[in-house]
file query-v1.cif (mmCIF, C-alpha atoms)
data_my_file
#
loop_
_atom_site.label_atom_id
_atom_site.label_comp_id
_atom_site.auth_asym_id
_atom_site.auth_seq_id
_atom_site.Cartn_x
_atom_site.Cartn_y
_atom_site.Cartn_z
CA MET M 1 187.74 19.62 278.82
CA GLN M 2 190.19 16.77 278.95
CA PRO M 3 190.94 15.53 282.45
CA SER M 4 194.65 15.70 281.77
CA ILE M 5 194.50 19.44 281.16
CA VAL M 6 192.36 20.03 284.21
CA GLU M 7 194.73 18.01 286.28
CA MET M 8 197.67 19.90 284.91
CA ILE M 9 196.05 23.20 285.79
CA TYR M 10 195.41 22.02 289.30
CA THR M 11 198.91 20.80 289.91
CA GLN M 12 200.32 24.05 288.59
CA LYS M 13 197.66 26.18 290.21
CA GLN M 14 199.92 28.14 292.53
CA ASP M 15 202.41 28.93 289.80
CA ILE M 16 199.71 29.96 287.37
CA ILE M 17 198.11 32.22 289.93
CA SER M 18 201.34 33.93 290.92
CA ASP M 19 202.42 34.33 287.28
CA TRP M 20 199.05 35.76 286.38
CA LEU M 21 199.07 38.16 289.31
CA SER M 22 202.36 39.64 288.19
CA GLU M 23 201.16 39.71 284.57
CA ILE M 24 197.88 41.45 285.37
CA ASN M 25 199.68 44.24 287.16
CA ASN M 26 201.54 44.96 283.94
CA VAL M 27 198.46 45.07 281.75
CA MET M 28 196.15 46.82 284.21
CA PRO M 29 194.86 49.99 282.58
CA SER M 30 196.97 52.71 284.12
CA GLY M 31 193.96 54.92 284.82
CA LEU M 32 192.37 52.16 286.84
CA ALA M 33 195.50 51.34 288.77
CA LYS M 34 195.58 54.89 290.07
CA LYS M 35 191.93 54.96 291.05
CA ILE M 36 191.87 51.78 293.07
CA PRO M 37 193.93 51.21 296.21
CA ASN M 38 196.45 48.42 295.89
CA GLU M 39 195.00 46.08 298.47
CA ALA M 40 191.57 46.23 296.87
CA SER M 41 192.89 45.47 293.43
CA ASP M 42 195.12 42.65 294.71
CA GLU M 43 192.16 41.13 296.44
CA THR M 44 189.99 41.40 293.35
CA ASN M 45 192.72 39.93 291.18
CA LYS M 46 193.05 36.94 293.48
CA LYS M 47 189.32 36.44 293.58
CA PHE M 48 189.13 36.67 289.81
CA VAL M 49 191.84 34.12 289.08
CA GLU M 50 190.50 31.70 291.67
CA LEU M 51 187.07 32.05 290.16
CA ILE M 52 188.43 31.22 286.73
CA ILE M 53 190.10 28.07 287.95
CA GLU M 54 187.17 27.16 290.13
CA SER M 55 184.90 27.35 287.12
CA LEU M 56 186.58 24.21 285.81
CA GLU M 57 185.03 21.97 288.39
CA LEU M 58 181.65 23.65 288.69
CA THR M 59 178.79 22.82 286.41
CA GLU M 60 178.33 25.25 283.55
CA GLU M 61 175.34 26.92 285.15
CA ALA M 62 176.97 27.40 288.51
CA ALA M 63 180.11 28.78 286.88
CA THR M 64 178.09 31.19 284.77
CA GLU M 65 176.23 32.39 287.78
CA LYS M 66 179.36 32.93 289.82
CA LEU M 67 181.10 34.79 287.02
CA ASN M 68 178.08 37.00 286.41
CA GLU M 69 177.88 37.82 290.06
CA PHE M 70 181.53 38.77 290.11
CA ALA M 71 181.19 40.84 286.92
CA GLN M 72 178.10 42.59 288.26
CA HIS M 73 179.97 43.59 291.37
CA LEU M 74 182.85 45.05 289.36
CA ILE M 75 180.48 46.82 286.97
CA TYR M 76 178.90 48.38 290.00
CA LEU M 77 182.32 49.50 291.24
CA GLY M 78 183.07 50.96 287.81
CA TRP M 79 185.88 48.64 286.69
CA PRO M 80 186.36 48.79 282.93
CA LEU M 81 185.65 45.87 280.63
CA SER M 82 189.26 45.98 279.49
CA TYR M 83 190.30 44.71 282.92
CA PHE M 84 188.47 41.47 282.18
CA THR M 85 189.44 41.08 278.56
CA GLN M 86 193.08 41.85 279.22
CA GLY M 87 193.01 39.77 282.36
CA MET M 88 191.68 36.77 280.50
CA GLN M 89 194.18 37.23 277.71
CA ALA M 90 196.95 37.37 280.28
CA PHE M 91 195.55 34.24 281.86
CA ARG M 92 195.67 32.44 278.54
CA ARG M 93 199.26 33.56 277.97
CA VAL M 94 200.33 32.35 281.40
CA LEU M 95 198.52 29.06 280.98
CA LEU M 96 200.00 28.36 277.58
CA GLU M 97 203.47 29.27 278.78
CA THR M 98 203.16 26.97 281.74
CA MET M 99 201.93 24.16 279.56
CA SER M 100 204.54 24.53 276.90
CA SER M 101 207.26 24.42 279.55
CA MET M 102 205.99 21.01 280.60
CA GLU M 103 207.03 18.01 278.67
CA SER M 104 204.19 15.75 279.54
CA ILE M 105 202.13 16.86 276.57
CA SER M 106 203.03 15.16 273.38
CA SER M 107 203.39 17.38 270.35
CA LYS M 108 200.43 15.71 268.70
CA LYS M 109 198.21 16.84 271.48
CA VAL M 110 199.47 20.41 271.52
CA PHE M 111 196.93 21.75 269.08
CA GLU M 112 194.11 19.96 270.77
CA THR M 113 195.14 21.35 274.12
CA PHE M 114 195.54 24.86 272.77
CA TYR M 115 192.15 24.61 271.15
CA GLU M 116 190.51 23.52 274.38
CA ILE M 117 192.08 26.35 276.31
CA GLU M 118 191.17 28.92 273.66
CA THR M 119 187.54 27.80 273.74
CA TRP M 120 187.42 27.89 277.48
CA VAL M 121 188.99 31.33 277.82
CA ASP M 122 186.97 32.80 274.96
CA SER M 123 183.71 31.60 276.40
CA ILE M 124 184.50 33.36 279.67
CA ILE M 125 185.45 36.57 277.81
CA ASN M 126 182.23 36.46 275.80
CA GLN M 127 180.15 35.91 278.86
CA ILE M 128 181.68 38.87 280.68
CA ALA M 129 181.42 41.09 277.61
CA ASP M 130 177.73 40.18 277.37
CA GLU M 131 177.24 41.02 280.99
CA TYR M 132 178.90 44.40 280.52
CA SER M 133 177.09 45.34 277.34
CA GLY M 134 173.81 44.23 278.88
CA SER M 135 174.41 46.53 281.79
CA TRP M 136 175.32 49.41 279.46
CA GLU M 137 172.28 48.85 277.32
CA SER M 138 169.93 48.90 280.25
CA THR M 139 171.61 52.03 281.60
CA ILE M 140 171.25 53.75 278.24
CA HIS M 141 167.66 52.65 277.95
CA LEU M 142 166.82 54.00 281.39
CA GLN M 143 168.59 57.27 280.68
CA ARG M 144 166.81 57.63 277.39
CA MET M 145 163.49 57.15 279.13
CA ALA M 146 164.43 59.67 281.79
CA LEU M 147 165.60 62.12 279.14
CA LYS M 148 162.39 61.74 277.21
CA GLU M 149 160.37 62.49 280.30
CA LEU M 150 162.47 65.57 281.00
CA SER M 151 162.77 66.74 277.44
CA ALA M 152 159.68 68.81 276.76
CA PRO M 153 157.32 69.41 279.66
CA LEU M 154 154.51 71.90 279.28
CA ILE M 155 153.66 73.44 282.62
CA PRO M 156 150.38 75.28 283.16
CA VAL M 157 151.52 78.12 285.44
CA PHE M 158 148.36 80.18 285.30
CA GLU M 159 144.96 79.66 283.84
CA LYS M 160 145.43 80.05 280.08
CA VAL M 161 149.18 80.58 280.41
CA SER M 162 151.64 77.67 280.05
CA VAL M 163 155.40 77.51 280.07
CA MET M 164 157.71 75.12 278.28
CA PRO M 165 161.23 75.39 279.69
CA LEU M 166 163.82 73.94 277.35
CA VAL M 167 167.17 72.89 278.76
CA GLY M 168 169.94 71.34 276.71
CA THR M 169 170.50 70.41 273.13
CA ILE M 170 167.58 70.19 270.76
CA ASP M 171 167.86 67.42 268.19
CA THR M 172 165.31 66.31 265.64
CA GLU M 173 163.65 63.80 267.92
CA ARG M 174 163.33 66.27 270.71
CA ALA M 175 162.04 68.93 268.35
CA LYS M 176 159.27 66.55 267.38
CA LEU M 177 158.43 65.92 271.04
CA ILE M 178 158.36 69.64 271.75
CA MET M 179 155.86 70.20 268.98
CA GLU M 180 153.62 67.31 270.06
CA ASN M 181 153.69 68.19 273.75
CA VAL M 182 152.99 71.86 273.12
CA LEU M 183 150.02 71.17 270.91
CA ASP M 184 148.57 68.46 273.15
CA GLY M 185 149.18 70.61 276.22
CA ILE M 186 147.46 73.63 274.72
CA ILE M 187 144.31 71.60 274.15
CA GLU M 188 144.50 69.90 277.52
CA HIS M 189 145.14 73.01 279.62
CA ARG M 190 143.13 75.34 277.36
CA SER M 191 146.16 77.59 277.10
CA GLN M 192 145.97 80.85 275.20
CA VAL M 193 149.56 81.84 275.68
CA VAL M 194 152.57 79.52 275.59
CA LEU M 195 155.95 80.73 276.77
CA ILE M 196 158.89 78.83 275.35
CA ASP M 197 161.92 79.44 277.53
CA ILE M 198 165.26 78.83 275.82
CA THR M 199 167.52 80.04 278.64
CA GLY M 200 169.00 76.56 278.92
CA VAL M 201 169.53 75.91 275.21
CA PRO M 202 173.27 76.20 274.60
CA VAL M 203 173.21 76.90 270.86
CA VAL M 204 170.49 78.18 268.60
CA ASP M 205 171.49 77.31 265.06
CA THR M 206 169.34 77.42 261.96
CA MET M 207 167.86 74.01 262.66
CA VAL M 208 166.79 74.87 266.18
CA ALA M 209 165.45 78.21 264.97
CA HIS M 210 163.59 76.47 262.19
CA HIS M 211 161.93 74.10 264.66
CA LEU M 212 161.02 76.99 266.94
CA ILE M 213 159.47 78.87 264.04
CA GLN M 214 157.49 75.82 263.00
CA THR M 215 156.33 75.24 266.55
CA ALA M 216 155.22 78.87 266.86
CA GLU M 217 153.33 78.58 263.60
CA ALA M 218 151.59 75.40 264.79
CA ILE M 219 150.71 77.12 268.07
CA ARG M 220 149.18 79.99 266.11
CA LEU M 221 147.17 77.50 264.07
CA VAL M 222 145.53 76.00 267.15
CA GLY M 223 144.55 79.49 268.24
CA ALA M 224 147.10 80.25 270.91
CA GLU M 225 150.02 82.63 271.01
CA CYS M 226 153.66 81.78 271.47
CA ILE M 227 156.16 84.00 273.27
CA LEU M 228 159.85 83.15 273.08
CA VAL M 229 161.64 84.02 276.30
CA GLY M 230 165.10 83.66 277.77
CA ILE M 231 167.13 84.75 274.77
CA ARG M 232 170.59 85.38 276.13
CA PRO M 233 172.59 88.28 274.64
CA GLU M 234 175.11 86.01 272.87
CA ILE M 235 172.28 83.94 271.41
CA ALA M 236 170.57 87.10 270.20
CA GLN M 237 173.80 88.10 268.43
CA THR M 238 174.30 84.75 266.77
CA ILE M 239 170.69 84.72 265.59
CA VAL M 240 171.22 88.11 264.00
CA ASN M 241 174.51 86.97 262.42
CA LEU M 242 172.87 83.90 261.01
CA GLY M 243 170.22 86.13 259.51
CA ILE M 244 167.31 84.26 261.03
CA ASP M 245 164.06 86.16 260.92
CA LEU M 246 162.23 85.79 264.21
CA SER M 247 160.17 88.93 263.72
CA LYS M 248 156.95 86.93 263.66
CA PHE M 249 157.66 85.88 267.21
CA ARG M 250 156.75 87.85 270.23
CA THR M 251 159.96 87.71 272.28
CA LYS M 252 160.85 88.75 275.80
CA SER M 253 164.18 88.76 277.58
CA SER M 254 163.13 86.83 280.66
CA LEU M 255 160.50 84.38 281.75
CA ARG M 256 159.17 86.93 284.21
CA ARG M 257 158.53 89.50 281.50
CA GLY M 258 156.96 86.75 279.46
CA VAL M 259 154.56 85.82 282.24
CA GLU M 260 153.57 89.47 282.65
CA THR M 261 152.91 89.76 278.93
CA GLY M 262 151.02 86.49 278.94
CA LEU M 263 148.75 87.73 281.70
CA GLU M 264 148.26 91.05 279.91
CA LEU M 265 147.25 89.22 276.76
CA THR M 266 144.59 87.41 278.77
CA GLN M 267 143.46 90.65 280.45
CA ARG M 268 144.99 90.03 283.85
CA LYS M 269 147.91 91.29 285.87
CA ILE M 270 149.76 90.66 289.08
CA ILE M 271 149.29 93.32 291.73
CA LYS M 272 150.75 93.83 295.14
CA ILE M 273 148.31 93.70 298.01
CA GLU M 274 149.58 96.35 300.37
CA ASN M 275 147.07 96.18 303.22
CA ASP M 276 147.62 92.50 303.64
CA ASP M 277 151.26 93.01 304.52
CA GLU M 278 150.38 95.14 307.53
CA ARG M 279 147.82 92.68 308.70
CA ILE M 280 150.36 89.88 308.65
CA ASP M 281 152.88 92.02 310.51
CA SER M 282 150.49 93.01 313.26
CA ARG M 283 149.45 89.45 313.90
CA MET A 1 201.07 75.69 269.84
CA SER A 2 199.13 73.01 268.08
CA ILE A 3 196.03 72.02 269.90
CA GLN A 4 193.54 70.26 267.78
CA SER A 5 190.46 68.19 268.16
CA ASN A 6 188.91 65.93 265.59
CA VAL A 7 185.33 64.84 265.84
CA GLU A 8 183.70 62.28 263.62
CA VAL A 9 180.17 63.22 262.66
CA HIS A 10 177.81 60.47 261.69
CA THR A 11 174.99 60.87 264.18
CA GLU A 12 173.26 63.85 265.70
CA TRP A 13 175.35 63.29 268.81
CA GLY A 14 178.44 63.90 266.73
CA ILE A 15 177.15 67.40 266.15
CA VAL A 16 176.83 67.93 269.88
CA SER A 17 180.32 66.67 270.66
CA ALA A 18 181.87 68.73 267.85
CA ARG A 19 180.16 71.79 269.23
CA GLN A 20 181.32 71.03 272.75
CA ALA A 21 184.91 70.50 271.60
CA GLY A 22 184.78 73.81 269.72
CA ARG A 23 183.39 75.69 272.64
CA ASN A 24 186.04 74.31 274.99
CA LEU A 25 188.86 75.14 272.60
CA ALA A 26 187.45 78.63 272.03
CA LYS A 27 187.23 79.18 275.76
CA ASP A 28 190.84 78.04 276.25
CA ALA A 29 191.96 80.32 273.42
CA GLY A 30 190.48 83.26 275.30
CA PHE A 31 187.38 84.02 273.28
CA GLY A 32 184.56 85.84 275.04
CA ASN A 33 181.06 84.56 275.57
CA VAL A 34 179.62 85.91 272.36
CA ASP A 35 182.43 84.60 270.17
CA GLN A 36 182.25 81.23 271.88
CA ALA A 37 178.58 81.09 270.95
CA ARG A 38 179.40 82.17 267.40
CA ILE A 39 182.03 79.47 267.00
CA ALA A 40 179.79 76.83 268.55
CA THR A 41 176.94 77.83 266.27
CA ALA A 42 179.15 77.80 263.18
CA ILE A 43 180.39 74.31 264.08
CA SER A 44 176.83 73.24 264.65
CA GLU A 45 175.81 74.42 261.19
CA LEU A 46 178.76 72.77 259.46
CA ALA A 47 178.36 69.52 261.38
CA ARG A 48 174.67 69.44 260.65
CA ASN A 49 175.35 69.90 256.95
CA ILE A 50 177.67 66.91 257.08
CA TYR A 51 175.08 64.86 258.91
CA LEU A 52 172.23 65.89 256.63
CA TYR A 53 173.88 65.74 253.22
CA ALA A 54 177.02 63.61 253.42
CA GLU A 55 175.88 61.34 256.29
CA LYS A 56 179.37 61.19 257.68
CA GLY A 57 182.45 63.31 257.81
CA GLU A 58 184.80 65.00 260.16
CA ILE A 59 185.11 68.29 261.96
CA VAL A 60 188.61 69.41 262.85
CA ILE A 61 188.96 72.31 265.23
CA GLN A 62 192.39 73.75 265.80
CA TYR A 63 194.15 76.62 267.36
CA VAL A 64 195.93 78.73 264.76
CA GLU A 65 198.47 81.50 264.81
CA ASP A 66 199.18 83.82 261.93
CA THR A 67 202.76 85.00 262.17
CA GLU A 68 203.07 86.27 258.60
CA SER A 69 200.81 89.27 258.89
CA PRO A 70 202.39 92.41 260.44
CA VAL A 71 200.38 92.00 263.64
CA SER A 72 200.44 88.38 264.74
CA LYS A 73 196.97 87.00 265.18
CA ARG A 74 195.63 84.00 266.97
CA GLY A 75 192.38 82.24 266.48
CA ILE A 76 190.34 79.11 265.97
CA LYS A 77 190.09 77.30 262.70
CA ILE A 78 187.29 74.94 261.83
CA ILE A 79 187.67 72.45 259.00
CA ALA A 80 184.63 70.45 257.97
CA LYS A 81 185.30 67.72 255.48
CA ASP A 82 183.24 64.95 254.03
CA LYS A 83 183.21 62.62 251.09
CA GLY A 84 179.56 63.24 250.38
CA PRO A 85 177.77 64.20 247.18
CA GLY A 86 179.51 67.58 246.99
CA ILE A 87 177.96 70.89 246.05
CA SER A 88 177.68 71.71 242.37
CA ASN A 89 176.14 75.14 242.82
CA ILE A 90 178.28 76.85 245.44
CA ARG A 91 177.03 80.27 244.41
CA ASP A 92 173.46 79.22 245.21
CA VAL A 93 174.19 77.70 248.62
CA MET A 94 175.97 80.85 249.70
CA GLU A 95 172.78 82.77 249.00
CA ASP A 96 170.45 83.46 251.91
CA GLY A 97 167.27 81.45 251.79
CA PHE A 98 168.50 78.75 249.42
CA THR A 99 167.68 75.31 250.74
CA THR A 100 167.22 71.80 249.45
CA SER A 101 166.16 70.29 252.76
CA GLY A 102 163.22 72.55 253.63
CA GLY A 103 165.30 74.37 256.23
CA LEU A 104 165.84 78.08 256.58
CA GLY A 105 168.68 78.22 254.09
CA ALA A 106 170.75 80.42 256.36
CA GLY A 107 173.39 77.83 257.26
CA LEU A 108 176.41 78.46 255.06
CA PRO A 109 175.97 82.18 254.53
CA GLY A 110 175.32 82.37 258.26
CA VAL A 111 178.59 80.61 259.03
CA LYS A 112 180.38 83.05 256.77
CA ARG A 113 178.94 85.94 258.74
CA LEU A 114 179.65 84.33 262.10
CA MET A 115 183.30 83.74 261.27
CA ASP A 116 186.07 86.02 259.96
CA GLU A 117 187.38 83.90 257.13
CA PHE A 118 185.50 81.39 255.08
CA ASP A 119 186.58 79.12 252.29
CA ILE A 120 184.70 76.37 250.51
CA HIS A 121 185.94 73.74 248.10
CA SER A 122 183.61 71.18 246.69
CA THR A 123 183.56 68.80 243.79
CA ALA A 124 180.30 67.17 242.83
CA GLY A 125 180.50 63.47 243.58
CA GLU A 126 183.70 63.72 245.59
CA GLY A 127 183.06 65.72 248.68
CA THR A 128 183.25 69.07 250.34
CA GLU A 129 185.79 70.81 252.50
CA ILE A 130 184.94 74.01 254.29
CA THR A 131 187.45 76.04 256.28
CA ALA A 132 186.46 78.87 258.56
CA ILE A 133 188.56 80.95 260.92
CA LYS A 134 187.68 83.25 263.78
CA TRP A 135 190.45 85.58 264.92
CA LEU A 136 190.93 86.62 268.46
CA ARG A 137 190.75 90.36 268.88
#

call {"tool": "encode", "arguments": {"input": "query-v1.cif", "output": "structure tokens"}}
result
Amino acid sequence: MQPSIVEMIYTQKQDIISDWLSEINNVMPSGLAKKIPNEASDETNKKFVELIIESLELTEEAATEKLNEFAQHLIYLGWPLSYFTQGMQAFRRVLLETMSSMESISSKKVFETFYEIETWVDSIINQIADEYSGSWESTIHLQRMALKELSAPLIPVFEKVSVMPLVGTIDTERAKLIMENVLDGIIEHRSQVVLIDITGVPVVDTMVAHHLIQTAEAIRLVGAECILVGIRPEIAQTIVNLGIDLSKFRTKSSLRRGVETGLELTQRKIIKIENDDERIDSR
Amino acid sequence: MSIQSNVEVHTEWGIVSARQAGRNLAKDAGFGNVDQARIATAISELARNIYLYAEKGEIVIQYVEDTESPVSKRGIKIIAKDKGPGISNIRDVMEDGFTTSGGLGAGLPGVKRLMDEFDIHSTAGEGTEITAIKWLR
């Protein structure tokens, strides 16, 4: 940047800062203004504008680092990206106004000066936007990983009996995972009965039903049996309305009933040991 | 009262948000659990059709009031519109078990059974608009 512009900014620093501070309060997203106490936002605003001006004299690397640090902190506090973009736009407005009110710049140089300022401000906006989107991307990536881990676990609850509790929406990708995990799990745990619990599935439409039917068929093919449990009354009614035929499925209302049936199918049952209770009491 | 929510559907997540919007509106309108599930399921079917066949479109869910009929009725109206390939054989798709995607083929006839009123307009090559209403009883 031309020394003359830098010098100008420095001589007008106080004015620019105070103009910007009043400008930023106008453009601050109203939702944010309510959330953050005034002192905190004033402090942040001051820090932000000083950082922008400071970045003029720092080397590019040092300025980048400082800005990133500042952005990281605000991302962590949950400030929206629009605070930065609007803030920078306001800064540009203030700067250009200040400059145009000064007569020292010859008209020939006006475009050059404007261009320099545009480039400077835009590069800061881009950098902050990158920082934000990078942080969003990594958050989304982590959440996707976490979701994938949670999405279709097969739990061996008893010998030969496994449960797959499904919670939340089933989309195509998840349906695929369910199928893979069930089949792999059956082989790994030597399951004979698999209980698929859909208590936590909000809507069973034809696609979900179709995937469940396919999964049950695949389970049958590897020599195990599938029991669908946790069908809530409203889900049962919508399934009937849709005209979906689940008659090939063994179904039970609750997971508990399903476990009992699963044990029965493998010639076992849960019994109460009465004598033991007394022994524990007398001890 | 004119409460409405519009949801763009072009990914599978669009289906989820349309469903959620429908369920919330149905709840606010005073529908019971079962009808909420019916409305959510119907929206899910319609949104999935958009996603599968037209790739993108829109689901509009609105609160409606019928003041013309002798007993005034209130309810939820779902409009699913897209500019996709359209349906040339409406009679077939309203038949149970008809499918071109390897699914169950219960989607559209299912929606008709889940809802109280059902109307479909489609022109091959131009798009499809489906309107369905569930009245509050």

call {"tool": "residues_around", "arguments": {"input": "query-v1.cif", "residues": "Gly57 (chain A)", "least_positions_apart": "3", "cutoff": "6 Å", "atoms": "only C-alpha atoms", "output": "VMD selection string"}}
result
chain A and resid 9 81 to 82

call {"tool": "write_last_selection", "arguments": {"input": "query-v1.cif", "atoms": "C-alpha atoms", "output": "compact mmCIF listing (two decimals), keeping the file's coordinate frame"}}
result
# COMPACT_ATOMS: atom_id res chain seq x y z
CA VAL A 9 180.17 63.22 262.66
CA LYS A 81 185.30 67.72 255.48
CA ASP A 82 183.24 64.95 254.03

call {"tool": "resolve_selection", "arguments": {"input": "query-v1.cif", "expression": "the PyMOL selection byres ((chain A and resi 101) around 12)", "output": "PyMOL selection string"}}
result
(chain M and resi 207+210) or (chain A and resi 48-49+52-53+93+97-100+102-107)

call {"tool": "resolve_selection", "arguments": {"input": "query-v1.cif", "expression": "the PyMOL selection byres ((chain M) within 7 of (chain A))", "output": "list in words"}}
result
Asp171, Val203, Val204, Asp205, Thr206, Met207, His210, Glu234, Ile235, Thr238, Asn241, Leu242, Gly243 and Ile244 of chain M

call {"tool": "closest_residue", "arguments": {"input": "query-v1.cif", "among": "A:Lys77, A:Tyr51, A:Ser88, A:Lys83", "to": "Asp119 (chain A)", "atoms": "all atoms listed in the file"}}
result
A:Lys77

call {"tool": "residues_around", "arguments": {"input": "query-v1.cif", "residues": "Thr215 (chain M)", "least_positions_apart": "4", "cutoff": "8 Å", "atoms": "all atoms listed in the file", "output": "list of chain:residue names"}}
result
M:Ile178, M:Met179, M:His211, M:Ile219

call {"tool": "residues_around", "arguments": {"input": "query-v1.cif", "residues": "region 124-141 of chain M", "least_positions_apart": "3", "cutoff": "8 Å", "atoms": "all atoms listed in the file", "output": "compact mmCIF listing (two decimals) with C-alpha atoms, keeping the file's coordinate frame"}}
result
# COMPACT_ATOMS: atom_id res chain seq x y z
CA THR M 64 178.09 31.19 284.77
CA LEU M 67 181.10 34.79 287.02
CA ASN M 68 178.08 37.00 286.41
CA ALA M 71 181.19 40.84 286.92
CA GLN M 72 178.10 42.59 288.26
CA ILE M 75 180.48 46.82 286.97
CA LEU M 81 185.65 45.87 280.63
CA PHE M 84 188.47 41.47 282.18
CA THR M 85 189.44 41.08 278.56
CA MET M 88 191.68 36.77 280.50
CA TRP M 120 187.42 27.89 277.48
CA VAL M 121 188.99 31.33 277.82
CA ARG M 144 166.81 57.63 277.39
CA MET M 145 163.49 57.15 279.13

call {"tool": "atom_distance", "arguments": {"input": "query-v1.cif", "atom1": "CA of Tyr115 (chain M)", "atom2": "CA of Glu61 (chain M)"}}
result
22.0 Å

call {"tool": "residues_around", "arguments": {"input": "query-v1.cif", "residues": "Leu263 (chain M)", "least_positions_apart": "2", "cutoff": "10 Å", "atoms": "all atoms listed in the file", "output": "short mmCIF file (atom, residue, chain, number, x, y, z; two decimals) with C-alpha atoms, in the coordinates of the input"}}
result
data_model
loop_
_atom_site.label_atom_id
_atom_site.label_comp_id
_atom_site.auth_asym_id
_atom_site.auth_seq_id
_atom_site.Cartn_x
_atom_site.Cartn_y
_atom_site.Cartn_z
CA PHE M 158 148.36 80.18 285.30
CA GLU M 159 144.96 79.66 283.84
CA LYS M 160 145.43 80.05 280.08
CA VAL M 161 149.18 80.58 280.41
CA GLN M 192 145.97 80.85 275.20
CA VAL M 193 149.56 81.84 275.68
CA ARG M 257 158.53 89.50 281.50
CA GLY M 258 156.96 86.75 279.46
CA VAL M 259 154.56 85.82 282.24
CA GLU M 260 153.57 89.47 282.65
CA THR M 261 152.91 89.76 278.93
CA LEU M 265 147.25 89.22 276.76
CA THR M 266 144.59 87.41 278.77
CA GLN M 267 143.46 90.65 280.45
CA ARG M 268 144.99 90.03 283.85
CA LYS M 269 147.91 91.29 285.87
CA ILE M 270 149.76 90.66 289.08
#

call {"tool": "residues_around", "arguments": {"input": "query-v1.cif", "residues": "Lys148 (chain M)", "least_positions_apart": "6", "cutoff": "10 Å", "atoms": "only C-alpha atoms", "output": "PDB file with C-alpha atoms, keeping the file's coordinate frame"}}
result
ATOM      1  CA  LEU M 142     166.820  54.000 281.390  1.00  0.00           C
ATOM      2  CA  GLU M 173     163.650  63.800 267.920  1.00  0.00           C
ATOM      3  CA  ARG M 174     163.330  66.270 270.710  1.00  0.00           C
ATOM      4  CA  LEU M 177     158.430  65.920 271.040  1.00  0.00           C
TER       5      LEU M 177
END

call {"tool": "closest_residue", "arguments": {"input": "query-v1.cif", "among": "M:Met99, M:Glu149, M:Gln214, M:Arg232", "to": "Glu7 (chain M)", "atoms": "all atoms listed in the file"}}
result
M:Met99

call {"tool": "resolve_selection", "arguments": {"input": "query-v1.cif", "expression": "the PyMOL selection byres ((chain M and resi 2) around 12)", "output": "list in words"}}
result
Met1, Pro3, Ser4, Ile5, Val6, Glu7, Met8, Ile9, Leu56, Glu57, Lys109, Glu112, Thr113, Phe114, Tyr115, Glu116, Ile117 and Trp120 of chain M

call {"tool": "closest_residue", "arguments": {"input": "query-v1.cif", "among": "A:Lys27, A:Ala54, A:Gly125, A:Ile59", "to": "Gly14 (chain A)", "atoms": "only C-alpha atoms"}}
result
A:Ile59

call {"tool": "residues_near_point", "arguments": {"input": "query-v1.cif", "point": "(150.1, 71.2, 277.2)", "cutoff": "8 Å", "atoms": "all atoms listed in the file", "output": "PyMOL selection string"}}
result
chain M and resi 153-156+162+181-189+191

call {"tool": "atom_distance", "arguments": {"input": "query-v1.cif", "atom1": "CA of Ile90 (chain A)", "atom2": "CA of Glu129 (chain A)"}}
result
11.9 Å

call {"tool": "atom_distance", "arguments": {"input": "query-v1.cif", "atom1": "CA of Val194 (chain M)", "atom2": "CA of Val167 (chain M)"}}
result
16.3 Å

call {"tool": "build_atoms", "arguments": {"input": "query-v1.cif", "residues": "region 59-68 of chain M", "atoms": "N, CA and C atoms", "output": "mmCIF file, in the frame of the given file"}}
result
data_model
loop_
_atom_site.group_PDB
_atom_site.id
_atom_site.type_symbol
_atom_site.label_atom_id
_atom_site.label_comp_id
_atom_site.auth_asym_id
_atom_site.auth_seq_id
_atom_site.Cartn_x
_atom_site.Cartn_y
_atom_site.Cartn_z
ATOM 1 N N THR M 59 179.608 23.046 287.590
ATOM 2 C CA THR M 59 178.790 22.820 286.410
ATOM 3 C C THR M 59 178.716 24.134 285.636
ATOM 4 N N GLU M 60 178.329 24.054 284.394
ATOM 5 C CA GLU M 60 178.330 25.250 283.550
ATOM 6 C C GLU M 60 177.450 26.349 284.142
ATOM 7 N N GLU M 61 176.290 25.932 284.601
ATOM 8 C CA GLU M 61 175.340 26.920 285.150
ATOM 9 C C GLU M 61 175.897 27.625 286.372
ATOM 10 N N ALA M 62 176.440 26.833 287.273
ATOM 11 C CA ALA M 62 176.970 27.400 288.510
ATOM 12 C C ALA M 62 178.131 28.341 288.195
ATOM 13 N N ALA M 63 178.968 27.941 287.238
ATOM 14 C CA ALA M 63 180.110 28.780 286.880
ATOM 15 C C ALA M 63 179.634 30.089 286.274
ATOM 16 N N THR M 64 178.635 29.981 285.387
ATOM 17 C CA THR M 64 178.090 31.190 284.770
ATOM 18 C C THR M 64 177.561 32.137 285.828
ATOM 19 N N GLU M 65 176.843 31.551 286.751
ATOM 20 C CA GLU M 65 176.230 32.390 287.780
ATOM 21 C C GLU M 65 177.282 33.109 288.609
ATOM 22 N N LYS M 66 178.304 32.346 288.999
ATOM 23 C CA LYS M 66 179.360 32.930 289.820
ATOM 24 C C LYS M 66 180.087 34.062 289.084
ATOM 25 N N LEU M 67 180.390 33.786 287.814
ATOM 26 C CA LEU M 67 181.100 34.790 287.020
ATOM 27 C C LEU M 67 180.254 36.054 286.872
ATOM 28 N N ASN M 68 178.964 35.843 286.584
ATOM 29 C CA ASN M 68 178.080 37.000 286.410
ATOM 30 C C ASN M 68 178.013 37.836 287.670
#
